[in-house]
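Dumped start19.pdb below, it's PDB, C-alpha atoms:
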```pdb
MODEL        1
ATOM      1  CA  MET A   1      33.671-228.238 -24.952
ATOM      2  CA  GLU A   2      36.144-229.285 -22.258
ATOM      3  CA  THR A   3      35.326-231.410 -19.204
ATOM      4  CA  ARG A   4      37.438-232.033 -16.117
ATOM      5  CA  ILE A   5      38.816-235.544 -16.428
ATOM      6  CA  ASN A   6      37.334-236.968 -13.214
ATOM      7  CA  LYS A   7      33.839-235.823 -14.221
ATOM      8  CA  TYR A   8      34.388-237.313 -17.682
ATOM      9  CA  LEU A   9      35.270-240.720 -16.225
ATOM     10  CA  VAL A  10      32.049-240.782 -14.191
ATOM     11  CA  THR A  11      29.918-239.598 -17.100
ATOM     12  CA  ALA A  12      31.469-242.213 -19.381
ATOM     13  CA  GLY A  13      30.818-245.003 -16.897
ATOM     14  CA  LEU A  14      34.516-245.564 -16.179
ATOM     15  CA  ALA A  15      34.293-244.626 -12.489
ATOM     16  CA  ASP A  16      31.502-244.781  -9.899
ATOM     17  CA  SER A  17      32.249-241.397  -8.362
ATOM     18  CA  ARG A  18      34.620-238.458  -8.732
ATOM     19  CA  ARG A  19      36.555-239.581  -5.663
ATOM     20  CA  LYS A  20      37.123-242.993  -7.202
ATOM     21  CA  ALA A  21      37.936-241.311 -10.520
ATOM     22  CA  ASP A  22      40.662-239.268  -8.803
ATOM     23  CA  ALA A  23      42.225-242.454  -7.419
ATOM     24  CA  ILE A  24      42.132-244.086 -10.853
ATOM     25  CA  ILE A  25      43.780-241.048 -12.452
ATOM     26  CA  VAL A  26      46.571-240.771  -9.860
ATOM     27  CA  SER A  27      47.324-244.496 -10.180
ATOM     28  CA  GLY A  28      48.180-244.013 -13.860
ATOM     29  CA  ARG A  29      45.382-246.157 -15.250
ATOM     30  CA  VAL A  30      43.961-243.407 -17.477
ATOM     31  CA  THR A  31      45.104-242.600 -20.991
ATOM     32  CA  VAL A  32      44.023-239.746 -23.214
ATOM     33  CA  ASN A  33      44.828-240.330 -26.878
ATOM     34  CA  GLU A  34      47.101-243.217 -25.758
ATOM     35  CA  GLU A  35      49.094-240.966 -23.383
ATOM     36  CA  THR A  36      48.934-241.610 -19.622
ATOM     37  CA  VAL A  37      47.394-238.738 -17.662
ATOM     38  CA  ARG A  38      47.844-238.323 -13.891
ATOM     39  CA  ASP A  39      46.952-234.631 -13.638
ATOM     40  CA  LEU A  40      43.641-234.219 -11.744
ATOM     41  CA  ALA A  41      43.176-230.773 -13.308
ATOM     42  CA  TYR A  42      43.419-232.148 -16.861
ATOM     43  CA  LYS A  43      40.466-231.287 -19.093
ATOM     44  CA  VAL A  44      39.167-233.555 -21.818
ATOM     45  CA  SER A  45      37.808-232.259 -25.127
ATOM     46  CA  ASP A  46      35.031-233.855 -27.179
ATOM     47  CA  SER A  47      37.530-235.247 -29.695
ATOM     48  CA  ASP A  48      39.777-236.969 -27.115
ATOM     49  CA  ILE A  49      39.817-240.760 -26.722
ATOM     50  CA  VAL A  50      39.826-241.562 -22.999
ATOM     51  CA  LYS A  51      40.418-245.059 -21.636
ATOM     52  CA  VAL A  52      40.808-246.732 -18.254
ATOM     53  CA  ASP A  53      42.885-249.917 -18.327
ATOM     54  CA  GLY A  54      42.570-249.819 -22.107
ATOM     55  CA  ILE A  55      38.768-249.672 -22.041
ATOM     56  CA  GLU A  56      36.942-246.740 -23.620
ATOM     57  CA  GLY A  57      33.736-245.579 -21.955
ATOM     58  CA  GLU A  58      30.489-244.373 -23.469
ATOM     59  CA  ILE A  59      29.182-240.924 -22.662
ATOM     60  CA  LYS A  60      25.620-241.019 -21.341
ATOM     61  CA  LYS A  61      23.420-238.015 -21.972
ATOM     62  CA  ASP A  62      22.002-236.421 -18.849
ATOM     63  CA  ILE A  63      18.262-236.227 -18.316
ATOM     64  CA  TYR A  64      16.491-233.080 -17.139
ATOM     65  CA  ILE A  65      12.780-233.035 -16.327
ATOM     66  CA  ALA A  66      10.236-230.709 -14.726
ATOM     67  CA  TYR A  67       7.487-232.429 -12.744
ATOM     68  CA  ASN A  68       4.261-230.907 -11.407
ATOM     69  CA  LYS A  69       3.877-232.580  -8.021
ATOM     70  CA  PRO A  70       0.344-233.021  -6.680
ATOM     71  CA  LYS A  71      -0.531-232.795  -2.996
ATOM     72  CA  GLY A  72       0.006-236.054  -1.137
ATOM     73  CA  GLU A  73       3.291-237.167  -2.721
ATOM     74  CA  ILE A  74       6.677-236.882  -1.029
ATOM     75  CA  CYS A  75       9.942-235.941  -2.712
ATOM     76  CA  SER A  76      12.041-238.907  -1.676
ATOM     77  CA  HIS A  77      13.721-242.013  -3.066
ATOM     78  CA  ARG A  78      12.738-243.822   0.135
ATOM     79  CA  ARG A  79       9.232-244.878   1.057
ATOM     80  CA  PHE A  80       7.907-243.943   4.492
ATOM     81  CA  GLY A  81       4.989-246.128   5.472
ATOM     82  CA  ASN A  82       2.240-245.928   2.884
ATOM     83  CA  ASP A  83       3.266-242.511   1.597
ATOM     84  CA  LYS A  84       3.311-242.176  -2.176
ATOM     85  CA  THR A  85       6.501-240.732  -3.648
ATOM     86  CA  ILE A  86       6.934-238.697  -6.813
ATOM     87  CA  PHE A  87       8.610-241.728  -8.364
ATOM     88  CA  ASP A  88       5.335-243.653  -8.198
ATOM     89  CA  SER A  89       4.008-241.207 -10.799
ATOM     90  CA  LEU A  90       7.143-241.073 -12.942
ATOM     91  CA  PRO A  91       8.546-243.706 -15.341
ATOM     92  CA  SER A  92      10.614-246.365 -13.555
ATOM     93  CA  SER A  93      13.653-245.336 -15.615
ATOM     94  CA  PHE A  94      13.662-242.034 -13.661
ATOM     95  CA  SER A  95      13.889-243.724 -10.254
ATOM     96  CA  LYS A  96      17.502-242.688  -9.609
ATOM     97  CA  LEU A  97      17.255-239.081 -10.764
ATOM     98  CA  LYS A  98      18.420-236.500  -8.249
ATOM     99  CA  ILE A  99      15.844-234.060  -6.882
ATOM    100  CA  ALA A 100      16.127-230.269  -6.746
ATOM    101  CA  GLY A 101      13.565-228.140  -4.991
ATOM    102  CA  ARG A 102      11.920-230.681  -2.716
ATOM    103  CA  LEU A 103       8.360-229.985  -1.608
ATOM    104  CA  ASP A 104       6.651-231.388   1.470
ATOM    105  CA  ARG A 105       3.701-233.775   1.259
ATOM    106  CA  ASP A 106       1.081-231.030   1.533
ATOM    107  CA  SER A 107       2.631-228.732  -1.073
ATOM    108  CA  GLU A 108       2.181-228.793  -4.837
ATOM    109  CA  GLY A 109       3.946-227.624  -7.942
ATOM    110  CA  LEU A 110       7.268-227.582  -9.696
ATOM    111  CA  VAL A 111      10.044-230.052  -8.897
ATOM    112  CA  ILE A 112      13.163-230.399 -11.052
ATOM    113  CA  LEU A 113      14.910-233.756 -11.438
ATOM    114  CA  SER A 114      18.090-234.671 -13.282
ATOM    115  CA  SER A 115      20.939-237.159 -13.573
ATOM    116  CA  ASP A 116      23.336-234.175 -13.700
ATOM    117  CA  GLY A 117      24.662-233.635 -10.184
ATOM    118  CA  ASP A 118      26.312-230.296 -10.966
ATOM    119  CA  PHE A 119      23.036-228.976 -12.385
ATOM    120  CA  ILE A 120      21.110-230.095  -9.284
ATOM    121  CA  ASN A 121      23.696-228.406  -7.046
ATOM    122  CA  ASN A 122      23.414-225.184  -9.058
ATOM    123  CA  ILE A 123      19.704-225.105  -8.283
ATOM    124  CA  SER A 124      19.709-226.450  -4.732
ATOM    125  CA  HIS A 125      22.773-225.094  -2.937
ATOM    126  CA  PRO A 126      22.015-221.956  -0.868
ATOM    127  CA  SER A 127      25.146-220.245  -2.214
ATOM    128  CA  LYS A 128      23.652-220.271  -5.725
ATOM    129  CA  ALA A 129      20.629-218.222  -4.552
ATOM    130  CA  LYS A 130      18.253-219.456  -7.249
ATOM    131  CA  SER A 131      14.894-217.747  -6.777
ATOM    132  CA  LYS A 132      11.654-219.714  -6.506
ATOM    133  CA  ALA A 133       8.086-218.401  -6.730
ATOM    134  CA  TYR A 134       5.022-219.702  -4.884
ATOM    135  CA  MET A 135       1.291-218.978  -5.012
ATOM    136  CA  ILE A 136      -0.266-219.254  -1.551
ATOM    137  CA  ASN A 137      -3.841-219.427  -0.275
ATOM    138  CA  LEU A 138      -4.301-218.623   3.409
ATOM    139  CA  LYS A 139      -6.881-219.484   6.069
ATOM    140  CA  ASN A 140      -7.329-215.921   7.309
ATOM    141  CA  SER A 141      -7.179-212.437   5.815
ATOM    142  CA  PHE A 142      -3.692-211.149   5.047
ATOM    143  CA  SER A 143      -2.918-207.473   5.626
ATOM    144  CA  LEU A 144      -0.330-205.106   4.223
ATOM    145  CA  ALA A 145       1.114-204.968   7.744
ATOM    146  CA  ASP A 146       1.597-208.753   7.598
ATOM    147  CA  ALA A 147       3.411-208.360   4.275
ATOM    148  CA  GLU A 148       5.656-205.635   5.673
ATOM    149  CA  LYS A 149       6.545-207.787   8.672
ATOM    150  CA  ILE A 150       7.482-210.767   6.517
ATOM    151  CA  ASN A 151       9.400-208.639   4.022
ATOM    152  CA  ALA A 152      11.463-207.204   6.872
ATOM    153  CA  GLY A 153      12.527-210.736   7.878
ATOM    154  CA  ILE A 154      10.934-213.168  10.297
ATOM    155  CA  GLU A 155      13.083-214.793  12.970
ATOM    156  CA  LEU A 156      12.667-218.580  13.080
ATOM    157  CA  GLU A 157      14.467-221.019  15.354
ATOM    158  CA  ASP A 158      16.928-221.842  12.551
ATOM    159  CA  GLY A 159      17.601-218.272  11.423
ATOM    160  CA  ILE A 160      16.000-215.258   9.784
ATOM    161  CA  SER A 161      13.458-216.117   7.075
ATOM    162  CA  LEU A 162      13.988-213.864   4.061
ATOM    163  CA  MET A 163      11.364-213.679   1.317
ATOM    164  CA  LYS A 164       9.428-211.165  -0.767
ATOM    165  CA  VAL A 165       5.656-211.239  -0.278
ATOM    166  CA  THR A 166       3.125-209.645  -2.604
ATOM    167  CA  LYS A 167      -0.519-209.416  -1.562
ATOM    168  CA  LEU A 168      -2.797-210.659  -4.369
ATOM    169  CA  GLY A 169      -6.132-210.771  -2.567
ATOM    170  CA  ASP A 170      -7.699-210.961   0.877
ATOM    171  CA  LYS A 171      -6.351-214.479   1.434
ATOM    172  CA  ALA A 172      -3.978-214.894  -1.509
ATOM    173  CA  ILE A 173      -0.297-213.994  -1.728
ATOM    174  CA  LYS A 174       2.736-214.598  -3.902
ATOM    175  CA  ILE A 175       6.111-215.388  -2.346
ATOM    176  CA  VAL A 176       9.510-215.201  -4.053
ATOM    177  CA  MET A 177      12.515-216.530  -2.171
ATOM    178  CA  SER A 178      15.928-218.084  -2.682
ATOM    179  CA  GLU A 179      16.299-219.866   0.648
ATOM    180  CA  GLY A 180      15.220-223.413   1.430
ATOM    181  CA  LYS A 181      14.740-223.964   5.150
ATOM    182  CA  ASN A 182      12.484-226.876   6.095
ATOM    183  CA  ARG A 183       8.804-225.873   5.735
ATOM    184  CA  GLN A 184      10.004-222.261   5.742
ATOM    185  CA  ILE A 185       6.948-220.672   4.149
ATOM    186  CA  ARG A 186       4.488-222.417   6.446
ATOM    187  CA  ARG A 187       6.489-221.530   9.559
ATOM    188  CA  THR A 188       6.896-217.919   8.442
ATOM    189  CA  ILE A 189       3.173-217.533   7.824
ATOM    190  CA  ASP A 190       2.502-219.025  11.282
ATOM    191  CA  GLU A 191       4.508-216.120  12.758
ATOM    192  CA  VAL A 192       1.904-213.608  11.495
ATOM    193  CA  ASP A 193      -0.920-215.683  13.019
ATOM    194  CA  ASN A 194      -2.091-217.215   9.780
ATOM    195  CA  THR A 195      -2.092-220.659   8.184
ATOM    196  CA  VAL A 196      -1.208-221.888   4.715
ATOM    197  CA  VAL A 197      -4.178-223.692   3.135
ATOM    198  CA  LYS A 198      -2.639-224.257  -0.293
ATOM    199  CA  LEU A 199       0.972-223.844  -1.453
ATOM    200  CA  VAL A 200       1.922-224.197  -5.106
ATOM    201  CA  ARG A 201       5.438-223.596  -6.439
ATOM    202  CA  VAL A 202       5.179-222.129  -9.930
ATOM    203  CA  ARG A 203       8.788-221.239 -10.760
ATOM    204  CA  ILE A 204      12.379-222.344 -10.109
ATOM    205  CA  GLY A 205      15.063-220.082 -11.563
ATOM    206  CA  LYS A 206      13.845-219.094 -15.023
ATOM    207  CA  TYR A 207      11.524-222.054 -15.468
ATOM    208  CA  SER A 208       7.757-221.841 -14.902
ATOM    209  CA  SER A 209       5.542-224.930 -14.558
ATOM    210  CA  ARG A 210       2.221-223.288 -15.454
ATOM    211  CA  SER A 211       1.841-225.358 -18.652
ATOM    212  CA  ILE A 212       2.367-228.740 -16.924
ATOM    213  CA  GLU A 213      -0.680-230.638 -15.686
ATOM    214  CA  PRO A 214      -0.478-232.134 -12.143
ATOM    215  CA  SER A 215       1.269-235.539 -12.006
ATOM    216  CA  ASN A 216       2.829-234.901 -15.428
ATOM    217  CA  PHE A 217       6.375-234.069 -16.502
ATOM    218  CA  VAL A 218       8.183-232.531 -19.459
ATOM    219  CA  PHE A 219      11.780-232.788 -20.644
ATOM    220  CA  ILE A 220      13.718-229.551 -20.296
ATOM    221  CA  GLY A 221      17.279-228.326 -20.758
ATOM    222  CA  PRO A 222      19.523-226.819 -18.063
ATOM    223  CA  GLU A 223      19.429-223.512 -19.924
ATOM    224  CA  ASP A 224      15.657-223.357 -19.283
ATOM    225  CA  VAL A 225      16.302-223.082 -15.533
ATOM    226  CA  LEU A 226      19.737-221.547 -14.960
TER     227      LEU A 226
ENDMDL
END
```
Have the structure of the file written as structure tokens, please.
Amino acid sequence: METRINKYLVTAGLADSRRKADAIIVSGRVTVNEETVRDLAYKVSDSDIVKVDGIEGEIKKDIYIAYNKPKGEICSHRRFGNDKTIFDSLPSSFSKLKIAGRLDRDSEGLVILSSDGDFINNISHPSKAKSKAYMINLKNSFSLADAEKINAGIELEDGISLMKVTKLGDKAIKIVMSEGKNRQIRRTIDEVDNTVVKLVRVRIGKYSSRSIEPSNFVFIGPEDVL
């Protein structure tokens, strides 16, 4: 497996960021198998010995977890007032993991966390169009006409809301979408004169959280999601 040299330096603890890694590489401080490398496009293989200023780093394995967020927690590294964050329920060693698929305080379900920034970007960035599935309970009855209206696209103040709605019962629906506007589902449902009572995300990409109890997590691999 080959890795771009700036990413390797960060992963091996030899640089704090890719930008700083680029500066270190250009300055001639990096050697690969005792040969100086200044090419930012250079790729390192698993067998290469990479050093900065003669010091060899240690590759740290990335962590990937799936967490079933209960209602009442926020997906944030910062605390706002007395709000409980997801990190209050997770081991302290996970406190710096990056978050993909944030849910608001009143929503429940699957959240993915990882130390792998590229993986998080592959899930989170709109250009990647990773689908997510939600089970929704509503305050009022939901009609087929409501479903047709939402499936045609609902105009919100920040753009058209695109999602696929399936009616499951009088007040129960399933939503599949790949967008991530702020509180998009709740605002879209408001536009058909209804209100979300319960929102549970059950899938991100290929990964389903149905086997995870609330407030619990499991280790996963990137291939489980992507």
task = Please evaluate the PyMOL selection byres ((chain A and resi 150) around 10) against the structure above and give the resulting residues as a list in words.
result =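 Evaluating the PyMOL selection byres ((chain A and resi 150) around 10) on this file yields Leu144, Ala145, Asp146, Ala147, Glu148, Lys149, Asn151, Ala152, Gly153, Ile154, Glu155, Ser161, Leu162, Met163, Lys164, Val165, Thr188, Ile189, Glu191 and Val192 of chain A.
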inquiry  = as number ranges by chain, please: the residues near A:Asp118 (cut-off 12 Å, all atoms listed in the file, same-chain neighbours under 3 positions excluded).
reply    = A: 7, 11, 18, 62, 64, 98-100, 113-115, 121-125, 128, 222, 226
Mind checking which residues fall within 7 Å of A:Ala133, counting only C-alpha atoms, ignoring those fewer than 6 positions away in the same chain, and posting them as an mmCIF file with C-alpha atoms, in the frame of the given file?
```
data_model
loop_
_atom_site.group_PDB
_atom_site.id
_atom_site.type_symbol
_atom_site.label_atom_id
_atom_site.label_comp_id
_atom_site.auth_asym_id
_atom_site.auth_seq_id
_atom_site.Cartn_x
_atom_site.Cartn_y
_atom_site.Cartn_z
ATOM 1 C CA ILE A 175 6.111 -215.388 -2.346
ATOM 2 C CA VAL A 176 9.510 -215.201 -4.053
ATOM 3 C CA MET A 177 12.515 -216.530 -2.171
ATOM 4 C CA ARG A 201 5.438 -223.596 -6.439
ATOM 5 C CA VAL A 202 5.179 -222.129 -9.930
ATOM 6 C CA ARG A 203 8.788 -221.239 -10.760
ATOM 7 C CA ILE A 204 12.379 -222.344 -10.109
#
```
Please write the residues picked by the PyMOL selection byres ((chain A and resi 36) around 12) on this file as an mmCIF file with C-alpha atoms, in the frame of the given file.
```
data_model
loop_
_atom_site.group_PDB
_atom_site.id
_atom_site.type_symbol
_atom_site.label_atom_id
_atom_site.label_comp_id
_atom_site.auth_asym_id
_atom_site.auth_seq_id
_atom_site.Cartn_x
_atom_site.Cartn_y
_atom_site.Cartn_z
ATOM 1 C CA ILE A 24 42.132 -244.086 -10.853
ATOM 2 C CA ILE A 25 43.780 -241.048 -12.452
ATOM 3 C CA VAL A 26 46.571 -240.771 -9.860
ATOM 4 C CA SER A 27 47.324 -244.496 -10.180
ATOM 5 C CA GLY A 28 48.180 -244.013 -13.860
ATOM 6 C CA ARG A 29 45.382 -246.157 -15.250
ATOM 7 C CA VAL A 30 43.961 -243.407 -17.477
ATOM 8 C CA THR A 31 45.104 -242.600 -20.991
ATOM 9 C CA VAL A 32 44.023 -239.746 -23.214
ATOM 10 C CA ASN A 33 44.828 -240.330 -26.878
ATOM 11 C CA GLU A 34 47.101 -243.217 -25.758
ATOM 12 C CA GLU A 35 49.094 -240.966 -23.383
ATOM 13 C CA VAL A 37 47.394 -238.738 -17.662
ATOM 14 C CA ARG A 38 47.844 -238.323 -13.891
ATOM 15 C CA ASP A 39 46.952 -234.631 -13.638
ATOM 16 C CA TYR A 42 43.419 -232.148 -16.861
ATOM 17 C CA ILE A 49 39.817 -240.760 -26.722
ATOM 18 C CA VAL A 50 39.826 -241.562 -22.999
ATOM 19 C CA LYS A 51 40.418 -245.059 -21.636
ATOM 20 C CA VAL A 52 40.808 -246.732 -18.254
ATOM 21 C CA ASP A 53 42.885 -249.917 -18.327
ATOM 22 C CA GLY A 54 42.570 -249.819 -22.107
#
```
request  = Work out how far apart atom CA of A:Gly159 and atom CA of A:Asp190 are and give it in Å to one decimal.
outcome  =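 Separation of atom CA of A:Gly159 and atom CA of A:Asp190: 15.1 Å.
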Please produce stretch 180-197 of chain A, completed to N, CA and C atoms, as a PDB file, keeping the file's coordinate frame.
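The resulting file, rebuild.pdb, is reproduced below:
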```
ATOM      1  N   GLY A 180      15.853-222.104   1.470  1.00  0.00           N
ATOM      2  CA  GLY A 180      15.220-223.413   1.430  1.00  0.00           C
ATOM      3  C   GLY A 180      15.182-224.100   2.779  1.00  0.00           C
ATOM      4  N   LYS A 181      14.873-223.349   3.836  1.00  0.00           N
ATOM      5  CA  LYS A 181      14.740-223.964   5.150  1.00  0.00           C
ATOM      6  C   LYS A 181      13.529-224.902   5.155  1.00  0.00           C
ATOM      7  N   ASN A 182      13.562-225.898   6.020  1.00  0.00           N
ATOM      8  CA  ASN A 182      12.484-226.876   6.095  1.00  0.00           C
ATOM      9  C   ASN A 182      11.147-226.209   6.418  1.00  0.00           C
ATOM     10  N   ARG A 183      10.159-226.418   5.558  1.00  0.00           N
ATOM     11  CA  ARG A 183       8.804-225.873   5.735  1.00  0.00           C
ATOM     12  C   ARG A 183       8.844-224.376   6.062  1.00  0.00           C
ATOM     13  N   GLN A 184       9.749-223.666   5.406  1.00  0.00           N
ATOM     14  CA  GLN A 184      10.004-222.261   5.742  1.00  0.00           C
ATOM     15  C   GLN A 184       8.792-221.370   5.537  1.00  0.00           C
ATOM     16  N   ILE A 185       8.098-221.536   4.420  1.00  0.00           N
ATOM     17  CA  ILE A 185       6.948-220.672   4.149  1.00  0.00           C
ATOM     18  C   ILE A 185       5.865-220.880   5.191  1.00  0.00           C
ATOM     19  N   ARG A 186       5.547-222.125   5.479  1.00  0.00           N
ATOM     20  CA  ARG A 186       4.488-222.417   6.446  1.00  0.00           C
ATOM     21  C   ARG A 186       4.837-221.857   7.835  1.00  0.00           C
ATOM     22  N   ARG A 187       6.084-222.026   8.243  1.00  0.00           N
ATOM     23  CA  ARG A 187       6.489-221.530   9.559  1.00  0.00           C
ATOM     24  C   ARG A 187       6.504-220.004   9.609  1.00  0.00           C
ATOM     25  N   THR A 188       6.876-219.384   8.497  1.00  0.00           N
ATOM     26  CA  THR A 188       6.896-217.919   8.442  1.00  0.00           C
ATOM     27  C   THR A 188       5.481-217.360   8.517  1.00  0.00           C
ATOM     28  N   ILE A 189       4.568-217.978   7.790  1.00  0.00           N
ATOM     29  CA  ILE A 189       3.173-217.533   7.824  1.00  0.00           C
ATOM     30  C   ILE A 189       2.579-217.732   9.221  1.00  0.00           C
ATOM     31  N   ASP A 190       2.964-218.801   9.903  1.00  0.00           N
ATOM     32  CA  ASP A 190       2.502-219.025  11.282  1.00  0.00           C
ATOM     33  C   ASP A 190       2.862-217.850  12.184  1.00  0.00           C
ATOM     34  N   GLU A 191       4.019-217.217  11.907  1.00  0.00           N
ATOM     35  CA  GLU A 191       4.508-216.120  12.758  1.00  0.00           C
ATOM     36  C   GLU A 191       3.680-214.852  12.629  1.00  0.00           C
ATOM     37  N   VAL A 192       2.827-214.754  11.613  1.00  0.00           N
ATOM     38  CA  VAL A 192       1.904-213.608  11.495  1.00  0.00           C
ATOM     39  C   VAL A 192       0.473-214.085  11.767  1.00  0.00           C
ATOM     40  N   ASP A 193       0.377-215.153  12.565  1.00  0.00           N
ATOM     41  CA  ASP A 193      -0.920-215.683  13.019  1.00  0.00           C
ATOM     42  C   ASP A 193      -1.844-216.043  11.870  1.00  0.00           C
ATOM     43  N   ASN A 194      -1.289-216.742  10.898  1.00  0.00           N
ATOM     44  CA  ASN A 194      -2.091-217.215   9.780  1.00  0.00           C
ATOM     45  C   ASN A 194      -1.659-218.640   9.460  1.00  0.00           C
ATOM     46  N   THR A 195      -2.377-219.262   8.522  1.00  0.00           N
ATOM     47  CA  THR A 195      -2.092-220.659   8.184  1.00  0.00           C
ATOM     48  C   THR A 195      -2.168-220.855   6.679  1.00  0.00           C
ATOM     49  N   VAL A 196      -1.195-221.568   6.135  1.00  0.00           N
ATOM     50  CA  VAL A 196      -1.208-221.888   4.715  1.00  0.00           C
ATOM     51  C   VAL A 196      -2.252-222.977   4.456  1.00  0.00           C
ATOM     52  N   VAL A 197      -3.171-222.712   3.543  1.00  0.00           N
ATOM     53  CA  VAL A 197      -4.178-223.692   3.135  1.00  0.00           C
ATOM     54  C   VAL A 197      -3.730-224.420   1.875  1.00  0.00           C
TER      55      VAL A 197
END
```
